[in-house]
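Student: Provided herewith: input-v6.csv, CSV, C-alpha atoms.
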```
chain,number,residue,atom,x,y,z
P,1,MET,CA,115.0,119.2,107.8
P,2,LYS,CA,116.2,120.3,104.4
P,3,LEU,CA,114.8,119.5,101.0
P,4,TYR,CA,117.4,119.5,98.2
P,5,ASN,CA,115.2,120.7,95.4
P,6,THR,CA,115.2,121.6,91.8
P,7,PRO,CA,112.7,124.3,90.7
P,8,MET,CA,110.2,124.0,87.9
P,9,PRO,CA,109.9,122.3,85.4
P,10,ALA,CA,111.6,119.4,87.2
P,11,PRO,CA,108.6,117.1,88.1
P,12,ASN,CA,109.9,115.0,90.9
P,13,PRO,CA,110.9,117.8,93.3
P,14,ARG,CA,107.6,119.4,92.6
P,15,ARG,CA,105.8,116.4,93.9
P,16,VAL,CA,107.3,116.9,97.3
P,17,ARG,CA,106.8,120.6,97.3
P,18,MET,CA,103.1,120.0,96.5
P,19,PHE,CA,102.8,117.4,99.2
P,20,LEU,CA,104.3,119.9,101.8
P,21,ALA,CA,102.0,122.6,100.5
P,22,GLU,CA,98.9,120.3,101.0
P,23,LYS,CA,100.2,119.7,104.6
P,24,ASP,CA,100.8,123.4,105.1
P,25,VAL,CA,104.3,122.6,106.2
P,26,GLU,CA,107.4,124.7,105.4
P,27,ILE,CA,110.9,123.3,105.4
P,28,GLU,CA,114.2,124.8,104.1
P,29,LEU,CA,114.7,124.4,100.4
P,30,VAL,CA,118.2,124.1,99.0
P,31,ASP,CA,118.2,124.4,95.2
P,32,VAL,CA,120.4,122.1,93.2
P,33,ALA,CA,121.1,123.4,89.7
P,34,LEU,CA,120.9,120.5,87.2
P,35,VAL,CA,122.1,122.7,84.3
P,36,LYS,CA,125.3,123.3,86.3
P,37,ARG,CA,125.5,119.6,87.1
P,38,GLU,CA,125.4,120.3,90.9
P,39,HIS,CA,123.5,117.1,91.3
P,40,LYS,CA,126.6,115.2,90.2
P,41,SER,CA,128.9,116.9,92.7
P,42,ALA,CA,130.7,114.8,95.3
P,43,GLU,CA,128.7,116.7,98.0
P,44,HIS,CA,125.4,115.8,96.5
P,45,LEU,CA,126.4,112.2,95.6
P,46,ALA,CA,127.1,111.7,99.3
P,47,ARG,CA,123.4,112.4,99.9
P,48,ASN,CA,122.1,110.4,96.9
P,49,SER,CA,124.5,108.1,95.1
P,50,LEU,CA,122.3,108.3,92.0
P,51,GLY,CA,122.9,112.0,91.8
P,52,GLN,CA,119.2,112.9,91.6
P,53,THR,CA,116.8,115.3,93.3
P,54,PRO,CA,114.9,115.6,95.5
P,55,VAL,CA,116.6,114.5,98.7
P,56,LEU,CA,115.2,115.1,102.1
P,57,GLU,CA,118.0,115.5,104.7
P,58,LEU,CA,116.8,114.9,108.3
P,59,ASP,CA,118.2,116.7,111.3
P,60,ASP,CA,120.4,113.7,112.2
P,61,GLY,CA,122.0,113.7,108.7
P,62,THR,CA,119.9,110.8,107.3
P,63,CYS,CA,119.1,111.4,103.7
P,64,LEU,CA,115.9,110.1,101.9
P,65,SER,CA,115.5,110.1,98.2
P,66,GLU,CA,112.7,108.9,95.8
P,67,THR,CA,109.7,111.1,96.0
P,68,VAL,CA,107.0,108.7,97.2
P,69,ALA,CA,109.3,107.5,100.0
P,70,ILE,CA,110.0,111.1,101.1
P,71,CYS,CA,106.2,111.8,101.0
P,72,ARG,CA,105.5,108.6,103.1
P,73,TYR,CA,107.9,109.8,105.7
P,74,LEU,CA,106.4,113.3,105.8
P,75,GLU,CA,102.9,111.7,106.1
P,76,SER,CA,104.1,109.9,109.2
P,77,LEU,CA,105.1,113.3,110.7
P,78,TYR,CA,102.2,115.3,109.4
P,79,PRO,CA,99.2,112.9,109.1
P,80,GLU,CA,96.6,115.5,108.2
P,81,PRO,CA,95.3,116.0,105.7
P,82,ASN,CA,95.6,112.4,104.8
P,83,LEU,CA,97.1,111.8,101.3
P,84,PHE,CA,97.9,108.1,101.3
P,85,GLY,CA,94.6,106.6,102.5
P,86,ARG,CA,93.3,105.7,105.9
P,87,THR,CA,92.3,102.1,105.6
P,88,GLY,CA,94.3,99.2,104.3
P,89,LEU,CA,92.1,99.1,101.1
P,90,GLU,CA,92.5,102.9,100.6
P,91,GLN,CA,96.2,102.6,100.9
P,92,ALA,CA,96.4,99.7,98.5
P,93,VAL,CA,94.3,101.5,95.9
P,94,THR,CA,96.5,104.6,96.3
P,95,GLU,CA,99.7,102.5,95.9
P,96,MET,CA,98.1,100.9,92.8
P,97,TRP,CA,97.5,104.2,91.2
P,98,VAL,CA,101.0,105.6,92.1
P,99,ARG,CA,102.5,102.6,90.4
P,100,ARG,CA,100.3,102.9,87.4
P,101,VAL,CA,101.2,106.5,87.0
P,102,GLU,CA,104.9,105.7,87.2
P,103,LEU,CA,104.8,102.7,84.8
P,104,GLN,CA,102.2,103.8,82.3
P,105,VAL,CA,102.6,107.5,82.2
P,106,MET,CA,106.0,108.6,83.6
P,107,SER,CA,107.9,105.8,81.8
P,108,PRO,CA,107.0,106.8,78.2
P,109,ALA,CA,107.3,110.5,79.0
P,110,GLY,CA,110.7,110.0,80.6
P,111,ASN,CA,111.9,107.9,77.6
P,112,PHE,CA,110.7,110.6,75.2
P,113,TRP,CA,112.5,113.3,77.3
P,114,ARG,CA,115.8,111.4,77.5
P,115,HIS,CA,116.0,110.2,73.9
P,116,SER,CA,114.1,112.7,71.8
P,117,HIS,CA,114.4,116.1,73.4
P,118,PRO,CA,117.3,118.5,72.4
P,119,PHE,CA,117.8,119.6,76.0
P,120,THR,CA,119.0,116.1,77.0
P,121,ALA,CA,121.2,115.5,73.9
P,122,LYS,CA,124.4,116.6,75.7
P,123,VAL,CA,123.9,114.3,78.7
P,124,VAL,CA,122.2,111.2,77.2
P,125,VAL,CA,124.8,109.8,74.9
P,126,PRO,CA,123.9,108.2,72.6
P,127,GLN,CA,120.3,109.3,72.2
P,128,TYR,CA,118.1,106.7,70.4
P,129,THR,CA,115.8,109.2,68.8
P,130,GLU,CA,113.6,106.7,67.0
P,131,PHE,CA,113.0,104.9,70.3
P,132,GLY,CA,112.3,108.2,72.0
P,133,GLU,CA,109.7,109.2,69.4
P,134,SER,CA,108.1,105.7,69.7
P,135,ASN,CA,107.1,106.6,73.3
P,136,ARG,CA,104.9,109.5,72.1
P,137,GLY,CA,102.2,107.0,71.1
P,138,ALA,CA,102.5,105.0,74.3
P,139,TYR,CA,102.1,108.2,76.3
P,140,GLU,CA,99.0,109.3,74.4
P,141,ARG,CA,97.4,105.8,74.8
P,142,ALA,CA,98.0,106.0,78.5
P,143,LEU,CA,96.3,109.4,78.7
P,144,HIS,CA,93.3,108.0,76.8
P,145,TRP,CA,93.1,105.1,79.3
P,146,LEU,CA,93.2,107.5,82.2
P,147,ASP,CA,90.5,109.6,80.6
P,148,SER,CA,88.2,106.6,80.7
P,149,GLU,CA,89.1,105.8,84.3
P,150,LEU,CA,88.5,109.5,85.4
P,151,ALA,CA,85.0,109.3,83.9
P,152,MET,CA,84.1,107.3,86.9
P,153,THR,CA,85.9,109.1,89.8
P,154,PRO,CA,86.9,112.7,90.5
P,155,TYR,CA,90.4,111.7,91.6
P,156,LEU,CA,92.7,108.8,90.7
P,157,ALA,CA,92.3,106.8,93.9
P,158,GLY,CA,88.7,107.7,94.6
P,159,GLU,CA,86.7,110.6,96.0
P,160,THR,CA,89.5,112.5,97.6
P,161,PHE,CA,92.7,114.2,96.4
P,162,GLY,CA,95.9,112.3,97.3
P,163,ILE,CA,99.5,111.4,96.4
P,164,ALA,CA,98.5,109.7,93.2
P,165,ASP,CA,97.0,112.9,91.9
P,166,ILE,CA,100.2,114.8,92.8
P,167,CYS,CA,102.3,112.2,90.9
P,168,LEU,CA,100.1,112.5,87.8
P,169,LEU,CA,99.8,116.3,87.8
P,170,SER,CA,103.6,116.7,88.0
P,171,THR,CA,104.0,114.2,85.2
P,172,VAL,CA,101.4,115.6,82.8
P,173,ASP,CA,102.5,119.2,83.3
P,174,PHE,CA,106.2,118.2,82.6
P,175,ALA,CA,105.1,116.2,79.6
P,176,SER,CA,103.2,119.1,78.2
P,177,TRP,CA,106.3,121.3,78.7
P,178,ILE,CA,108.5,118.8,76.7
P,179,GLY,CA,106.0,118.6,73.8
P,180,LEU,CA,103.6,115.8,74.9
P,181,PRO,CA,100.2,117.6,75.3
P,182,MET,CA,97.0,116.1,76.6
P,183,PRO,CA,94.8,114.8,73.8
P,184,GLU,CA,92.1,117.3,72.9
P,185,ALA,CA,89.4,114.6,73.2
P,186,ALA,CA,90.4,113.6,76.8
P,187,ALA,CA,87.6,115.6,78.4
P,188,HIS,CA,87.5,113.7,81.7
P,189,LEU,CA,91.3,114.0,82.0
P,190,LYS,CA,91.2,117.7,81.3
P,191,GLY,CA,88.4,118.1,83.9
P,192,TRP,CA,90.6,116.4,86.5
P,193,HIS,CA,93.5,118.5,85.4
P,194,ALA,CA,91.5,121.7,86.0
P,195,ARG,CA,90.4,120.5,89.4
P,196,VAL,CA,93.8,119.7,90.7
P,197,SER,CA,95.5,122.6,89.0
P,198,ALA,CA,93.1,125.0,90.9
P,199,ARG,CA,94.5,123.8,94.3
P,200,PRO,CA,96.9,126.2,95.9
P,201,SER,CA,99.5,123.4,96.2
P,202,ALA,CA,99.7,123.2,92.4
P,203,ALA,CA,101.7,126.4,92.4
P,204,ALA,CA,104.4,125.0,94.6
```
Can I see the file as structure tokens?

Tutor:
Amino acid sequence: MKLYNTPMPAPNPRRVRMFLAEKDVEIELVDVALVKREHKSAEHLARNSLGQTPVLELDDGTCLSETVAICRYLESLYPEPNLFGRTGLEQAVTEMWVRRVELQVMSPAGNFWRHSHPFTAKVVVPQYTEFGESNRGAYERALHWLDSELAMTPYLAGETFGIADICLLSTVDFASWIGLPMPEAAAHLKGWHARVSARPSAAA
């Protein structure tokens, strides 16, 4: 297998690298340079017609994209440690939190990045900067909501670390890099962030 990867600070490839690190599994990484628009090359578009990373290429040539789908496949190959939940209920709760992270946290951060950040001005034409800036408040409100949820549990989906935490960490760290820091008052969120950032996989 090969993982077509983009290094930090790209958040989505980092999810898969963290997942692999938690599984203690190494596969070949092939870096795709976004600044050189290698993700829009004909060769890469043949792997993922949306021209995005990461992409997992299997030994038979099958290509999987979308980070959680890639991680689900890897979980089937390397089931321990379990990161998606063992029971039907645990899996449903995990799926709920992954979706919440994607919709409530990633979405406003992504809109801010695409429409307000100078790095994306050359590729997002036109940029709607007022719309982009309006997502700053939505992102902060989402983090305050998460702070209240994390007052009751050490990890997003319960007592154990899992894919939902990977999704949130990659998002929060990327958001901080683009100018959306965690609120100072979000003590429970910051405690969670310290716990998951201390894991060796966080350096992946």

Student: For a quick check of understanding, using all atoms listed in the file, which of P:Trp97, P:Ala46, P:His115, P:Glu130 has the smallest distance to Gly85 in chain P?

Tutor: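 Between P:Trp97, P:Ala46, P:His115, P:Glu130, the residue approaching Gly85 in chain P most closely is P:Trp97.
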
Student: Which residue out of P:Ile163, P:Ala92, P:Ala121, P:Leu189 has the minimum interatomic distance to Glu140 in chain P when all atoms listed in the file are used?

Tutor: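 Residue with the minimum atom-to-atom distance to Glu140 in chain P: P:Leu189.
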
Student: Enter the distance from CA of Trp192 in chain P to CA of Pro154 in chain P, in Å, rounded to one decimal.

Tutor: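 Separation between CA of Trp192 in chain P and CA of Pro154 in chain P: 6.6 Å.
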
Student: Residues of range 37-153 of chain P that have any atom at most 8 Å from an atom of range 1-9 of chain P: could you tabulate them with the shortest-distance atom pair and the distance in Å to one decimal, using all atoms listed in the file, ordered by chain and increasing number, as CSV?

Tutor:
```
residue,atom,partner,partner_atom,distance
P:Thr53,CA,P:Asn5,CA,6.0
P:Pro54,CA,P:Asn5,CA,5.1
P:Val55,CA,P:Tyr4,CA,5.1
P:Leu56,CA,P:Leu3,CA,4.6
P:Glu57,CA,P:Lys2,CA,5.1
P:Leu58,CA,P:Met1,CA,4.7
P:Asp59,CA,P:Met1,CA,5.4
```

Student: Mind checking which residues fall within 12 Å of Ser107 in chain P, counting only C-alpha atoms, ignoring those fewer than 2 positions away in the same chain, and posting them as a compact mmCIF listing (two decimals) with C-alpha atoms, in the coordinates of the input?

Tutor:
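The file below, out-v8.txt, is the result:
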```
# COMPACT_ATOMS: atom_id res chain seq x y z
CA ARG P 99 102.50 102.60 90.40
CA ARG P 100 100.30 102.90 87.40
CA VAL P 101 101.20 106.50 87.00
CA GLU P 102 104.90 105.70 87.20
CA LEU P 103 104.80 102.70 84.80
CA GLN P 104 102.20 103.80 82.30
CA VAL P 105 102.60 107.50 82.20
CA ALA P 109 107.30 110.50 79.00
CA GLY P 110 110.70 110.00 80.60
CA ASN P 111 111.90 107.90 77.60
CA PHE P 112 110.70 110.60 75.20
CA TRP P 113 112.50 113.30 77.30
CA ARG P 114 115.80 111.40 77.50
CA GLY P 132 112.30 108.20 72.00
CA ASN P 135 107.10 106.60 73.30
CA ARG P 136 104.90 109.50 72.10
CA ALA P 138 102.50 105.00 74.30
CA TYR P 139 102.10 108.20 76.30
CA ALA P 142 98.00 106.00 78.50
CA LEU P 168 100.10 112.50 87.80
CA THR P 171 104.00 114.20 85.20
CA VAL P 172 101.40 115.60 82.80
CA ALA P 175 105.10 116.20 79.60
```

Student: Give me, as a PyMOL selection string, all polymer residues having an atom no more than 10 Å from Arg47 in chain P, counting all atoms listed in the file and skipping those fewer than 3 positions away in the same chain.

Tutor: chain P and resi 4+39+42-44+50-53+55-57+61-65

Student: Could you jot down the CA of Asn12 in chain P to CA of Val68 in chain P separation for me, Å, one decimal place?

Tutor: 9.4 Å

Student: Ranking P:Glu184, P:Ile166, P:Ser116, P:Leu150 by minimum distance to Tyr128 in chain P and counting all atoms listed in the file, which one comes first?

Tutor: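 Nearest to Tyr128 in chain P: P:Ser116.
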
Student: One decimal, Å: what's the distance from CA of Phe19 in chain P over to CA of His117 in chain P, could you say?

Tutor: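 Separating CA of Phe19 in chain P from CA of His117 in chain P is a distance of 28.3 Å.
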
Student: When you look at Asp165 in chain P with a cut-off of 8 Å (counting all atoms listed in the file), what residues show up, excluding the ones that are within fewer than 6 positions of it in the same chain? I need them as a list in words.

Tutor: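 Contacts, with the query itself left out: Tyr155, Leu156, Ala157 and Val196 of chain P.
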
Student: Which neighbours of His144 in chain P fall inside 8 Å, counting only C-alpha atoms, when residues of the same chain fewer than 3 positions from it are skipped, and could you give them as a PyMOL selection string?

Tutor: chain P and resi 140-141+147-148+183+186

Student: Identify which of the residues P:Ala204, P:Phe161, P:Ser76, P:Trp145 lies closest to Leu29 in chain P, counting all atoms listed in the file when measuring atom-to-atom distances.

Tutor: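 Checking each candidate against Leu29 in chain P, we get P:Ala204 as the closest.
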
Student: Given the point (103.6, 124.7, 98.1) in the coordinates of this file, which residues lie within 6 Å, counting all atoms listed in the file, and how would they look as number ranges by chain?

Tutor: P: 17-18, 21, 201, 204

Student: Go through P:Asn82, P:Thr67, P:Ser197, P:Asn48 and flag the residue nearest Thr94 in chain P, using all atoms listed in the file for the distances.

Tutor: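 Under the stated criterion, the closest residue is P:Asn82.
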
Student: From the list P:Ile27, P:Leu83, P:Val123, P:Leu180, which residue is nearest Pro108 in chain P when using all atoms listed in the file?

Tutor: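 Of P:Ile27, P:Leu83, P:Val123, P:Leu180, the one nearest Pro108 in chain P is P:Leu180, counting all atoms listed in the file.
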
Student: Model the absent atoms of range 167-194 of chain P so that N, CA and C atoms are present, and write the result as a PDB file, in the coordinates of the input.

Tutor:
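Okay, this is what ended up in rebuild.pdb:
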```
ATOM      1  N   CYS P 167     101.347 112.869  91.818  1.00  0.00           N
ATOM      2  CA  CYS P 167     102.300 112.200  90.900  1.00  0.00           C
ATOM      3  C   CYS P 167     101.834 112.431  89.435  1.00  0.00           C
ATOM      4  N   LEU P 168     100.535 112.310  89.177  1.00  0.00           N
ATOM      5  CA  LEU P 168     100.100 112.500  87.800  1.00  0.00           C
ATOM      6  C   LEU P 168     100.159 113.917  87.344  1.00  0.00           C
ATOM      7  N   LEU P 169      99.780 114.860  88.183  1.00  0.00           N
ATOM      8  CA  LEU P 169      99.800 116.300  87.800  1.00  0.00           C
ATOM      9  C   LEU P 169     101.253 116.679  87.415  1.00  0.00           C
ATOM     10  N   SER P 170     102.207 116.323  88.257  1.00  0.00           N
ATOM     11  CA  SER P 170     103.600 116.700  88.000  1.00  0.00           C
ATOM     12  C   SER P 170     104.081 116.089  86.677  1.00  0.00           C
ATOM     13  N   THR P 171     103.623 114.884  86.375  1.00  0.00           N
ATOM     14  CA  THR P 171     104.000 114.200  85.200  1.00  0.00           C
ATOM     15  C   THR P 171     103.388 114.829  83.920  1.00  0.00           C
ATOM     16  N   VAL P 172     102.076 115.042  83.979  1.00  0.00           N
ATOM     17  CA  VAL P 172     101.400 115.600  82.800  1.00  0.00           C
ATOM     18  C   VAL P 172     101.839 117.001  82.507  1.00  0.00           C
ATOM     19  N   ASP P 173     102.070 117.805  83.528  1.00  0.00           N
ATOM     20  CA  ASP P 173     102.500 119.200  83.300  1.00  0.00           C
ATOM     21  C   ASP P 173     103.941 119.169  82.676  1.00  0.00           C
ATOM     22  N   PHE P 174     104.811 118.307  83.193  1.00  0.00           N
ATOM     23  CA  PHE P 174     106.200 118.200  82.600  1.00  0.00           C
ATOM     24  C   PHE P 174     106.095 117.711  81.188  1.00  0.00           C
ATOM     25  N   ALA P 175     105.262 116.711  80.948  1.00  0.00           N
ATOM     26  CA  ALA P 175     105.100 116.200  79.600  1.00  0.00           C
ATOM     27  C   ALA P 175     104.653 117.234  78.620  1.00  0.00           C
ATOM     28  N   SER P 176     103.712 118.056  79.045  1.00  0.00           N
ATOM     29  CA  SER P 176     103.200 119.100  78.200  1.00  0.00           C
ATOM     30  C   SER P 176     104.386 120.101  77.858  1.00  0.00           C
ATOM     31  N   TRP P 177     105.215 120.362  78.849  1.00  0.00           N
ATOM     32  CA  TRP P 177     106.300 121.300  78.700  1.00  0.00           C
ATOM     33  C   TRP P 177     107.355 120.741  77.653  1.00  0.00           C
ATOM     34  N   ILE P 178     107.538 119.422  77.599  1.00  0.00           N
ATOM     35  CA  ILE P 178     108.500 118.800  76.700  1.00  0.00           C
ATOM     36  C   ILE P 178     107.912 118.497  75.315  1.00  0.00           C
ATOM     37  N   GLY P 179     106.616 118.776  75.117  1.00  0.00           N
ATOM     38  CA  GLY P 179     106.000 118.600  73.800  1.00  0.00           C
ATOM     39  C   GLY P 179     105.085 117.380  73.719  1.00  0.00           C
ATOM     40  N   LEU P 180     104.543 116.934  74.852  1.00  0.00           N
ATOM     41  CA  LEU P 180     103.600 115.800  74.900  1.00  0.00           C
ATOM     42  C   LEU P 180     102.281 116.357  75.508  1.00  0.00           C
ATOM     43  N   PRO P 181     101.444 117.021  74.735  1.00  0.00           N
ATOM     44  CA  PRO P 181     100.200 117.600  75.300  1.00  0.00           C
ATOM     45  C   PRO P 181      99.159 116.569  75.597  1.00  0.00           C
ATOM     46  N   MET P 182      98.196 116.968  76.420  1.00  0.00           N
ATOM     47  CA  MET P 182      97.000 116.100  76.600  1.00  0.00           C
ATOM     48  C   MET P 182      96.193 116.078  75.375  1.00  0.00           C
ATOM     49  N   PRO P 183      95.645 114.914  75.022  1.00  0.00           N
ATOM     50  CA  PRO P 183      94.800 114.800  73.800  1.00  0.00           C
ATOM     51  C   PRO P 183      93.577 115.740  73.951  1.00  0.00           C
ATOM     52  N   GLU P 184      93.207 116.384  72.862  1.00  0.00           N
ATOM     53  CA  GLU P 184      92.100 117.300  72.900  1.00  0.00           C
ATOM     54  C   GLU P 184      90.783 116.581  73.285  1.00  0.00           C
ATOM     55  N   ALA P 185      90.643 115.322  72.910  1.00  0.00           N
ATOM     56  CA  ALA P 185      89.400 114.600  73.200  1.00  0.00           C
ATOM     57  C   ALA P 185      89.283 114.067  74.600  1.00  0.00           C
ATOM     58  N   ALA P 186      90.341 114.202  75.396  1.00  0.00           N
ATOM     59  CA  ALA P 186      90.400 113.600  76.800  1.00  0.00           C
ATOM     60  C   ALA P 186      89.651 114.557  77.731  1.00  0.00           C
ATOM     61  N   ALA P 187      88.330 114.659  77.616  1.00  0.00           N
ATOM     62  CA  ALA P 187      87.600 115.600  78.400  1.00  0.00           C
ATOM     63  C   ALA P 187      87.610 115.346  79.898  1.00  0.00           C
ATOM     64  N   HIS P 188      87.544 114.071  80.281  1.00  0.00           N
ATOM     65  CA  HIS P 188      87.500 113.700  81.700  1.00  0.00           C
ATOM     66  C   HIS P 188      88.926 114.011  82.316  1.00  0.00           C
ATOM     67  N   LEU P 189      89.971 113.686  81.577  1.00  0.00           N
ATOM     68  CA  LEU P 189      91.300 114.000  82.000  1.00  0.00           C
ATOM     69  C   LEU P 189      91.508 115.492  82.180  1.00  0.00           C
ATOM     70  N   LYS P 190      91.012 116.244  81.226  1.00  0.00           N
ATOM     71  CA  LYS P 190      91.200 117.700  81.300  1.00  0.00           C
ATOM     72  C   LYS P 190      90.354 118.281  82.457  1.00  0.00           C
ATOM     73  N   GLY P 191      89.195 117.690  82.731  1.00  0.00           N
ATOM     74  CA  GLY P 191      88.400 118.100  83.900  1.00  0.00           C
ATOM     75  C   GLY P 191      89.171 117.878  85.184  1.00  0.00           C
ATOM     76  N   TRP P 192      89.754 116.668  85.300  1.00  0.00           N
ATOM     77  CA  TRP P 192      90.600 116.400  86.500  1.00  0.00           C
ATOM     78  C   TRP P 192      91.742 117.353  86.566  1.00  0.00           C
ATOM     79  N   HIS P 193      92.395 117.620  85.448  1.00  0.00           N
ATOM     80  CA  HIS P 193      93.500 118.500  85.400  1.00  0.00           C
ATOM     81  C   HIS P 193      93.141 119.915  85.930  1.00  0.00           C
ATOM     82  N   ALA P 194      91.986 120.392  85.504  1.00  0.00           N
ATOM     83  CA  ALA P 194      91.500 121.700  86.000  1.00  0.00           C
ATOM     84  C   ALA P 194      91.271 121.706  87.459  1.00  0.00           C
TER      85      ALA P 194
END
```
